[in-house]
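Trainee: Input data.cif, format and content: mmCIF, C-alpha atoms.
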```cif
data_final
#
loop_
_atom_site.label_atom_id
_atom_site.label_comp_id
_atom_site.auth_asym_id
_atom_site.auth_seq_id
_atom_site.Cartn_x
_atom_site.Cartn_y
_atom_site.Cartn_z
CA MET A 5 -10.18 -3.64 40.95
CA THR A 6 -12.18 -3.87 37.79
CA PHE A 7 -12.78 -1.23 35.17
CA ARG A 8 -15.70 -3.03 33.55
CA THR A 9 -19.05 -1.31 33.50
CA ASP A 10 -22.16 -2.89 35.03
CA TYR A 11 -23.64 -3.22 31.57
CA SER A 12 -20.67 -5.12 30.21
CA ARG A 13 -20.71 -7.52 33.17
CA VAL A 14 -24.42 -8.21 32.68
CA ALA A 15 -24.05 -8.64 28.93
CA GLY A 16 -21.16 -11.01 29.54
CA LEU A 17 -19.24 -9.53 26.67
CA GLY A 18 -15.62 -8.55 26.86
CA PRO A 19 -12.23 -9.00 25.32
CA ALA A 20 -11.66 -12.38 23.74
CA ARG A 21 -8.02 -12.15 24.88
CA GLN A 22 -6.95 -12.31 21.26
CA GLY A 23 -6.39 -8.61 20.76
CA ALA A 24 -2.78 -8.84 19.68
CA GLN A 25 -3.05 -12.25 18.04
CA ARG A 26 -3.53 -11.14 14.45
CA TRP A 27 -0.93 -8.41 14.80
CA TRP A 28 1.55 -10.93 16.16
CA MET A 29 0.81 -13.57 13.50
CA GLN A 30 1.35 -11.00 10.76
CA ARG A 31 4.76 -10.02 12.23
CA LEU A 32 5.71 -13.67 12.66
CA ALA A 33 4.87 -14.38 9.02
CA SER A 34 6.79 -11.26 7.92
CA VAL A 35 9.92 -12.33 9.80
CA ALA A 36 9.72 -15.84 8.33
CA LEU A 37 9.27 -14.40 4.84
CA VAL A 38 12.50 -12.35 4.97
CA PRO A 39 14.88 -15.29 4.40
CA LEU A 40 12.32 -17.31 2.43
CA ALA A 41 11.91 -14.42 -0.04
CA PHE A 42 15.49 -14.87 -1.26
CA ILE A 43 15.09 -18.62 -1.82
CA PHE A 44 11.75 -18.17 -3.56
CA ILE A 45 12.87 -15.32 -5.82
CA SER A 46 16.09 -17.12 -6.69
CA ALA A 47 14.24 -20.32 -7.62
CA ILE A 48 11.50 -18.55 -9.59
CA SER A 49 13.71 -16.03 -11.36
CA ARG A 50 16.07 -18.79 -12.53
CA SER A 51 13.26 -21.03 -13.75
CA LEU A 52 11.02 -18.41 -15.41
CA GLY A 53 11.80 -18.55 -19.10
CA ALA A 54 13.73 -21.83 -18.82
CA SER A 55 12.62 -25.06 -20.45
CA ARG A 56 10.38 -27.44 -18.54
CA GLU A 57 13.26 -29.90 -17.98
CA GLU A 58 15.33 -27.15 -16.38
CA VAL A 59 12.38 -26.10 -14.19
CA LEU A 60 11.93 -29.71 -13.04
CA GLY A 61 15.67 -29.84 -12.36
CA ILE A 62 15.59 -26.70 -10.24
CA PHE A 63 12.69 -27.98 -8.15
CA ALA A 64 14.30 -31.39 -7.80
CA ASN A 65 16.72 -29.61 -5.46
CA PRO A 66 15.24 -29.91 -1.94
CA TRP A 67 16.63 -26.51 -0.90
CA ASN A 68 14.65 -24.81 -3.68
CA SER A 69 11.51 -26.88 -3.28
CA ILE A 70 11.28 -26.75 0.52
CA GLY A 71 12.03 -23.01 0.45
CA THR A 72 9.37 -22.43 -2.21
CA MET A 73 6.78 -24.54 -0.41
CA LEU A 74 7.41 -22.75 2.89
CA PHE A 75 7.29 -19.42 1.12
CA LEU A 76 3.96 -20.29 -0.49
CA VAL A 77 2.38 -21.43 2.79
CA VAL A 78 3.64 -18.52 4.89
CA GLY A 79 3.25 -16.04 2.01
CA PHE A 80 -0.40 -16.89 1.45
CA MET A 81 -1.03 -16.71 5.23
CA HIS A 82 0.53 -13.25 5.23
CA LEU A 83 -1.42 -12.29 2.13
CA ARG A 84 -4.72 -13.45 3.60
CA MET A 85 -4.15 -11.47 6.81
CA GLY A 86 -3.10 -8.39 4.84
CA LEU A 87 -6.13 -8.54 2.56
CA HIS A 88 -8.35 -9.11 5.61
CA GLU A 89 -7.12 -5.79 7.00
CA VAL A 90 -7.60 -4.02 3.67
CA ILE A 91 -11.19 -5.32 3.43
CA GLU A 92 -11.87 -4.22 7.02
CA ASP A 93 -10.54 -0.75 6.21
CA TYR A 94 -12.33 -0.07 2.95
CA VAL A 95 -15.49 -2.21 2.80
CA HIS A 96 -18.13 -0.86 5.16
CA THR A 97 -21.11 -2.95 4.05
CA LYS A 98 -21.34 -5.94 6.36
CA GLY A 99 -22.63 -8.40 3.76
CA THR A 100 -20.08 -7.49 1.12
CA ALA A 101 -17.26 -7.51 3.67
CA THR A 102 -18.23 -10.97 4.95
CA MET A 103 -18.44 -12.28 1.40
CA LEU A 104 -14.99 -10.87 0.61
CA HIS A 105 -13.52 -12.35 3.81
CA VAL A 106 -14.88 -15.77 2.84
CA LEU A 107 -13.61 -15.43 -0.74
CA ASN A 108 -10.23 -14.20 0.49
CA THR A 109 -9.77 -17.12 2.88
CA LEU A 110 -10.91 -19.77 0.41
CA LEU A 111 -8.84 -18.44 -2.50
CA CYS A 112 -5.70 -18.00 -0.42
CA TRP A 113 -5.88 -21.54 0.93
CA GLY A 114 -6.74 -22.85 -2.54
CA PHE A 115 -3.77 -21.16 -4.17
CA ALA A 116 -1.38 -22.08 -1.34
CA VAL A 117 -2.30 -25.76 -1.49
CA THR A 118 -2.18 -25.77 -5.30
CA GLY A 119 1.29 -24.24 -5.23
CA VAL A 120 2.57 -26.71 -2.62
CA PHE A 121 1.03 -29.59 -4.58
CA ALA A 122 2.75 -28.41 -7.78
CA VAL A 123 6.18 -28.06 -6.17
CA ALA A 124 5.82 -31.40 -4.35
CA ARG A 125 4.86 -33.11 -7.60
CA MET A 126 7.95 -31.74 -9.32
CA THR A 127 10.24 -32.57 -6.39
CA LEU A 128 9.02 -36.17 -6.20
CA GLY A 129 9.56 -36.59 -9.94
CA LEU A 130 5.86 -37.07 -10.71
CA GLY A 131 5.90 -34.28 -13.26
CA GLU A 132 7.73 -36.17 -16.03
CA MET B 2 -15.93 32.40 19.69
CA SER B 3 -17.20 34.04 22.86
CA CYS B 4 -17.71 37.73 22.06
CA THR B 5 -20.01 39.34 24.58
CA THR B 6 -20.29 42.88 23.23
CA ARG B 7 -21.54 43.88 19.81
CA ALA B 8 -18.43 45.98 19.15
CA ALA B 9 -16.14 43.07 19.87
CA THR B 10 -18.16 40.82 17.59
CA ILE B 11 -17.89 43.29 14.78
CA THR B 12 -14.13 43.65 15.29
CA VAL B 13 -13.64 39.89 15.15
CA LYS B 14 -15.79 39.59 12.05
CA LYS B 15 -13.95 42.45 10.37
CA HIS B 16 -10.64 40.82 11.26
CA VAL B 17 -11.71 37.51 9.78
CA HIS B 18 -13.05 39.21 6.67
CA ASP B 19 -9.81 41.14 6.16
CA ARG B 20 -7.81 37.95 6.44
CA MET B 21 -10.15 36.23 4.02
CA ASP B 22 -9.72 39.06 1.53
CA VAL B 23 -5.95 38.93 1.80
CA LEU B 24 -5.98 35.19 1.34
CA ARG B 25 -8.36 35.27 -1.56
CA HIS B 26 -6.46 38.09 -3.18
CA SER B 27 -3.11 36.39 -2.82
CA LEU B 28 -4.54 33.23 -4.31
CA SER B 29 -6.55 34.92 -7.05
CA THR B 30 -6.50 33.36 -10.47
CA ILE B 31 -6.41 36.77 -12.12
CA GLU B 32 -3.26 37.66 -10.25
CA CYS B 33 -1.57 34.48 -11.33
CA ILE B 34 -2.26 35.13 -15.00
CA ASP B 35 -2.35 38.96 -15.23
CA ARG B 36 0.93 39.62 -13.53
CA TYR B 37 2.67 36.75 -15.22
CA TRP B 38 3.13 35.44 -11.72
CA TYR B 39 4.86 32.24 -12.72
CA TRP B 40 7.06 33.73 -15.39
CA GLN B 41 8.90 35.77 -12.79
CA PHE B 42 10.46 32.55 -11.61
CA PRO B 43 12.37 30.86 -14.41
CA GLU B 44 13.33 28.00 -12.10
CA ILE B 45 9.65 27.01 -11.77
CA SER B 46 8.85 24.53 -14.51
CA ILE B 47 5.63 24.57 -16.51
CA PHE B 48 4.57 21.39 -14.68
CA GLN B 49 5.03 22.96 -11.28
CA SER B 50 3.10 26.06 -12.31
CA ALA B 51 0.31 23.95 -13.73
CA ARG B 52 0.20 22.01 -10.46
CA HIS B 53 0.19 25.21 -8.43
CA PHE B 54 -2.58 26.62 -10.59
CA ALA B 55 -4.68 23.50 -10.04
CA ILE B 56 -4.11 23.76 -6.29
CA VAL B 57 -5.05 27.46 -6.29
CA MET B 58 -8.27 26.65 -8.08
CA ARG B 59 -9.15 23.89 -5.65
CA VAL B 60 -8.34 25.97 -2.58
CA ARG B 61 -10.40 28.84 -3.95
CA THR B 62 -13.37 26.60 -4.70
CA SER B 63 -13.21 25.14 -1.21
CA TRP B 64 -12.91 28.56 0.47
CA ASP B 65 -15.63 30.11 -1.68
CA SER B 66 -18.10 27.36 -0.96
CA ARG B 67 -17.36 27.50 2.77
CA CYS B 68 -17.78 31.29 2.84
CA HIS B 69 -21.03 30.97 0.98
CA ALA B 70 -22.28 28.29 3.34
CA GLY B 71 -21.29 30.41 6.35
CA ALA B 72 -22.87 33.62 5.02
CA GLY B 73 -26.31 32.92 6.46
CA MET B 74 -25.03 32.21 9.94
CA SER B 75 -22.49 34.95 10.37
CA ASP B 76 -21.75 34.04 13.99
CA ASN B 77 -20.38 30.71 12.93
CA ILE B 78 -16.83 31.85 12.35
CA PRO B 79 -15.30 28.34 12.44
CA GLY B 80 -17.70 27.52 9.60
CA ILE B 81 -15.63 29.54 7.15
CA ARG B 82 -12.43 27.72 7.88
CA PRO B 83 -11.13 25.32 5.27
CA LEU B 84 -11.33 21.64 6.06
CA SER B 85 -8.13 19.98 7.15
CA PRO B 86 -6.31 17.96 6.02
CA HIS B 87 -6.75 18.44 2.30
CA ALA B 88 -5.22 15.21 1.08
CA THR B 89 -5.67 16.37 -2.50
CA ILE B 90 -4.10 19.78 -1.92
CA TYR B 91 -1.11 19.39 0.38
CA ARG B 92 2.09 17.90 -0.95
CA TRP B 93 2.31 14.37 0.38
CA PRO B 94 5.24 13.72 2.69
CA LEU B 95 7.55 10.96 1.42
CA ASN B 96 6.59 8.67 4.27
CA ALA B 97 2.88 8.97 3.48
CA VAL B 98 3.58 7.96 -0.12
CA MET B 99 5.73 5.04 1.09
CA SER B 100 2.93 3.94 3.41
CA ILE B 101 0.17 3.86 0.81
CA MET B 102 2.57 2.27 -1.71
CA HIS B 103 3.16 -0.54 0.80
CA ARG B 104 -0.54 -1.32 0.74
CA ILE B 105 -0.87 -0.91 -3.03
CA THR B 106 2.10 -3.19 -3.75
CA GLY B 107 0.76 -5.68 -1.21
CA VAL B 108 -2.59 -5.91 -2.96
CA GLY B 109 -0.85 -5.98 -6.35
CA LEU B 110 1.29 -8.91 -5.25
CA VAL B 111 -1.89 -11.01 -4.85
CA VAL B 112 -2.02 -11.07 -8.66
CA GLY B 113 1.66 -11.99 -8.80
CA ALA B 114 1.25 -14.83 -6.29
CA CYS B 115 -1.68 -16.28 -8.23
CA LEU B 116 0.24 -16.04 -11.56
CA VAL B 117 3.28 -17.80 -10.09
CA VAL B 118 1.13 -20.57 -8.60
CA TRP B 119 -0.60 -21.03 -11.96
CA TRP B 120 2.80 -21.26 -13.63
CA LEU B 121 4.13 -23.77 -11.04
CA PHE B 122 0.99 -25.86 -11.42
CA ALA B 123 1.33 -25.83 -15.20
CA ALA B 124 5.00 -26.84 -14.96
CA SER B 125 4.10 -29.78 -12.73
CA ILE B 126 1.26 -31.03 -14.93
CA SER B 127 2.27 -31.23 -18.57
CA GLU B 128 4.48 -29.84 -21.32
CA GLU B 129 1.52 -28.25 -23.21
CA HIS B 130 0.05 -26.55 -20.17
CA PHE B 131 3.53 -25.30 -19.23
CA LYS B 132 4.19 -23.96 -22.74
CA PHE B 133 0.94 -21.98 -22.64
CA VAL B 134 1.47 -20.33 -19.22
CA ASP B 135 5.22 -19.85 -19.74
CA GLY B 136 4.46 -18.27 -23.11
CA LEU B 137 2.07 -15.82 -21.43
CA LEU B 138 4.53 -14.87 -18.67
CA THR B 139 7.55 -14.55 -20.96
CA SER B 140 5.81 -12.55 -23.70
CA ILE B 141 6.71 -8.86 -23.86
CA ILE B 142 3.65 -7.82 -21.84
CA GLY B 143 4.21 -10.76 -19.48
CA GLU B 144 7.85 -9.76 -18.92
CA LEU B 145 6.81 -6.18 -18.16
CA VAL B 146 4.14 -7.35 -15.72
CA MET B 147 6.63 -9.70 -14.03
CA LEU B 148 9.23 -6.91 -13.82
CA GLY B 149 6.63 -4.62 -12.20
CA LEU B 150 5.67 -7.39 -9.78
CA LEU B 151 9.34 -8.00 -8.97
CA ALA B 152 9.86 -4.33 -8.14
CA ALA B 153 6.63 -4.35 -6.10
CA PHE B 154 7.86 -7.47 -4.28
CA TRP B 155 11.20 -5.95 -3.29
CA TYR B 156 9.56 -2.65 -2.38
CA HIS B 157 7.12 -4.45 -0.07
CA PHE B 158 10.06 -6.45 1.30
CA CYS B 159 12.19 -3.36 2.10
CA ASN B 160 9.32 -1.32 3.48
CA GLY B 161 8.21 -4.36 5.47
CA ILE B 162 11.62 -4.43 7.14
CA ARG B 163 11.14 -0.75 8.05
CA HIS B 164 7.85 -1.73 9.67
CA LEU B 165 9.52 -4.58 11.57
CA ILE B 166 12.13 -2.12 12.88
CA TRP B 167 9.39 0.30 13.96
CA ASP B 168 7.61 -2.61 15.64
CA MET B 169 10.70 -3.09 17.79
CA GLY B 170 10.07 0.43 19.06
CA THR B 171 12.85 2.42 17.39
CA GLY B 172 13.40 4.72 14.43
CA PHE B 173 10.36 6.95 14.79
CA ASP B 174 12.10 10.34 14.67
CA ALA B 175 11.89 12.33 11.44
CA ALA B 176 15.56 11.96 10.52
CA ASN B 177 15.52 8.17 10.90
CA VAL B 178 12.20 7.81 9.09
CA ARG B 179 13.63 9.77 6.19
CA LEU B 180 16.87 7.79 6.25
CA SER B 181 15.06 4.44 6.30
CA ALA B 182 12.75 5.61 3.50
CA MET B 183 15.76 6.43 1.34
CA LEU B 184 17.47 3.14 2.24
CA GLY B 185 14.24 1.30 1.42
CA LEU B 186 14.02 2.90 -2.02
CA LEU B 187 17.71 2.22 -2.63
CA GLY B 188 17.27 -1.38 -1.48
CA THR B 189 14.31 -1.83 -3.83
CA ALA B 190 16.35 -0.58 -6.79
CA VAL B 191 19.39 -2.70 -5.91
CA LEU B 192 17.42 -5.90 -5.25
CA THR B 193 15.26 -5.49 -8.38
CA GLY B 194 18.30 -4.75 -10.54
CA GLY B 195 20.24 -7.59 -8.94
CA THR B 196 17.46 -10.11 -9.56
CA VAL B 197 17.16 -9.05 -13.20
CA LEU B 198 20.93 -9.31 -13.70
CA LEU B 199 21.28 -12.68 -11.96
CA ALA B 200 18.16 -14.29 -13.47
#
```
In structure tokens, how does this file's structure come out?
Mentor:
Amino acid sequence: MTFRTDYSRVAGLGPARQGAQRWWMQRLASVALVPLAFIFISAISRSLGASREEVLGIFANPWNSIGTMLFLVVGFMHLRMGLHEVIEDYVHTKGTATMLHVLNTLLCWGFAVTGVFAVARMTLGLGE
Amino acid sequence: MSCTTRAATITVKKHVHDRMDVLRHSLSTIECIDRYWYWQFPEISIFQSARHFAIVMRVRTSWDSRCHAGAGMSDNIPGIRPLSPHATIYRWPLNAVMSIMHRITGVGLVVGACLVVWWLFAASISEEHFKFVDGLLTSIIGELVMLGLLAAFWYHFCNGIRHLIWDMGTGFDAANVRLSAMLGLLGTAVLTGGTVLLA
């Protein structure tokens, strides 16, 4: 029993079987971010306003640095997916929307990798 | 509106016109001011009365323009109805405010994430770069921005947990939505205050 129309069978178009994928990825990221948020905020709030030596000391702790790195990777994934949805909702010009999607993806990956690089550098003692 | 006889049509029109008159009269600007409408209620603050006045004006404008538009085609009775919903006129339910705030804080946190990454990068590179970015973020304006971002972060966190609970298929009834909204706001205040105290 199929509910597809003749037209859709001829056109060969149909669901890509990824309907719930983005929804699920966003929830997965959210769940991961719940515990990571505490590690990230604790590390950042203690090191903001401290001297550079203290900051390097805080991120020399693997708990802080792994937590922060994970938070940055998952956080920027979550952020990219969220912004993607916002762009889809409010930008109705195809060209502008595509441009924003590209910009969103590139910037999010750029910032995520920069953040991970920075924390890794401090953890491995390359920042001195 | 399916009125077959002329008499019935006239009755319906008359009915609608009477209701319109009542509505317009009860919302009239002159009534509000002439009868000192607001001053009969000492518990209504000047802000509330100003807000009500603004709403009255907007409702009137919307009704007047609709009536005017419908005047030419008098059979089109639905044409003189106000549009619904009036997002700018109705009082927003708490949950609607929470929902749009979730999106606003989410977009706002993009700025926060980029600032923190810039700061981390600066800290990992050199003392001078760190001093510059740290100076920006710990200046008075920087502290205020970071405090706002912190509150936005915990708000998005608490409201996000509400969403995760809804995604599990529970908590949709009005009482629970209201309860979780209150808990979310309380959680935001507690977590923001706690972070500031412990930092």
Trainee: Excluding Ile91 (chain A) and any residue of its chain fewer than 6 positions from it, enumerate the residues within 10 Å of it, using all atoms listed in the file, and give them as a list in words.
Mentor: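 Using all atoms listed in the file, the neighbours found are Met85, Thr100, Ala101, Thr102, Leu104, His105 and Asn108 of chain A.
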Trainee: Work out how far apart CA of Ile162 (chain B) and CA of Met99 (chain B) are and give it in Å to one decimal.
Mentor: 12.7 Å
Trainee: Run the PyMOL selection byres ((chain A) within 8 of (chain B)) mentally over the shown coordinates, then write out the matched residues as a ChimeraX atom specification, using the chain letters and numbers from the document.
Mentor: /A:31,34-35,38,45-46,49-50,52-53,56,59-60,83,86-87,115-116,118-119,121-123,125-126,130-132
Trainee: Show which residues sit within 9 Å of Leu37 (chain A), as a list in words. Count all atoms listed in the file, and ignore same-chain residues fewer than 4 positions away.
Mentor: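 Residues meeting the cut-off are Leu32, Ala33, Ala41, Phe42, Leu74, Phe75, Val78, Gly79 and His82 of chain A; Phe158 of chain B.
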Trainee: Please report the interatomic distance between CA of His157 (chain B) and CA of Val95 (chain A) in Å with one decimal.
Mentor: 22.9 Å
Trainee: Quote the spacing between CA of Gly109 (chain B) and CA of Ala153 (chain B) in Å to one decimal place.
Mentor: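 Atom-to-atom, CA of Gly109 (chain B) and CA of Ala153 (chain B) are spaced 7.7 Å apart.
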Trainee: Which residue is closest to Phe44 (chain A)? Choose from A:Trp113, A:Tyr94, A:Tyr11, A:Trp67 and count only C-alpha atoms.
Mentor: A:Trp67
Trainee: Quick one: of B:Tyr156, B:Phe173, B:Trp167, B:Phe54, who's nearest to Thr193 (chain B), counting only C-alpha atoms?
Mentor: B:Tyr156
Trainee: For region 98-117 of chain B, take all atoms listed in the file, fit an axis-aligned box around them, add 4 Å to each of the six sides, then output centre and edge lengths in Å rounded to one decimal, as lines of an AutoDock Vina configuration file.
Mentor:
```
center_x = 1.6
center_y = -4.9
center_z = -4.1
size_x = 16.3
size_y = 33.8
size_z = 23.0
```
Trainee: Using all atoms listed in the file, which of the listed residues (B:Leu148, B:Leu198, B:Ile142, B:Val112) sits closest to Phe80 (chain A)?
Mentor: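 Counting all atoms listed in the file, the residue closest to Phe80 (chain A) is B:Val112.
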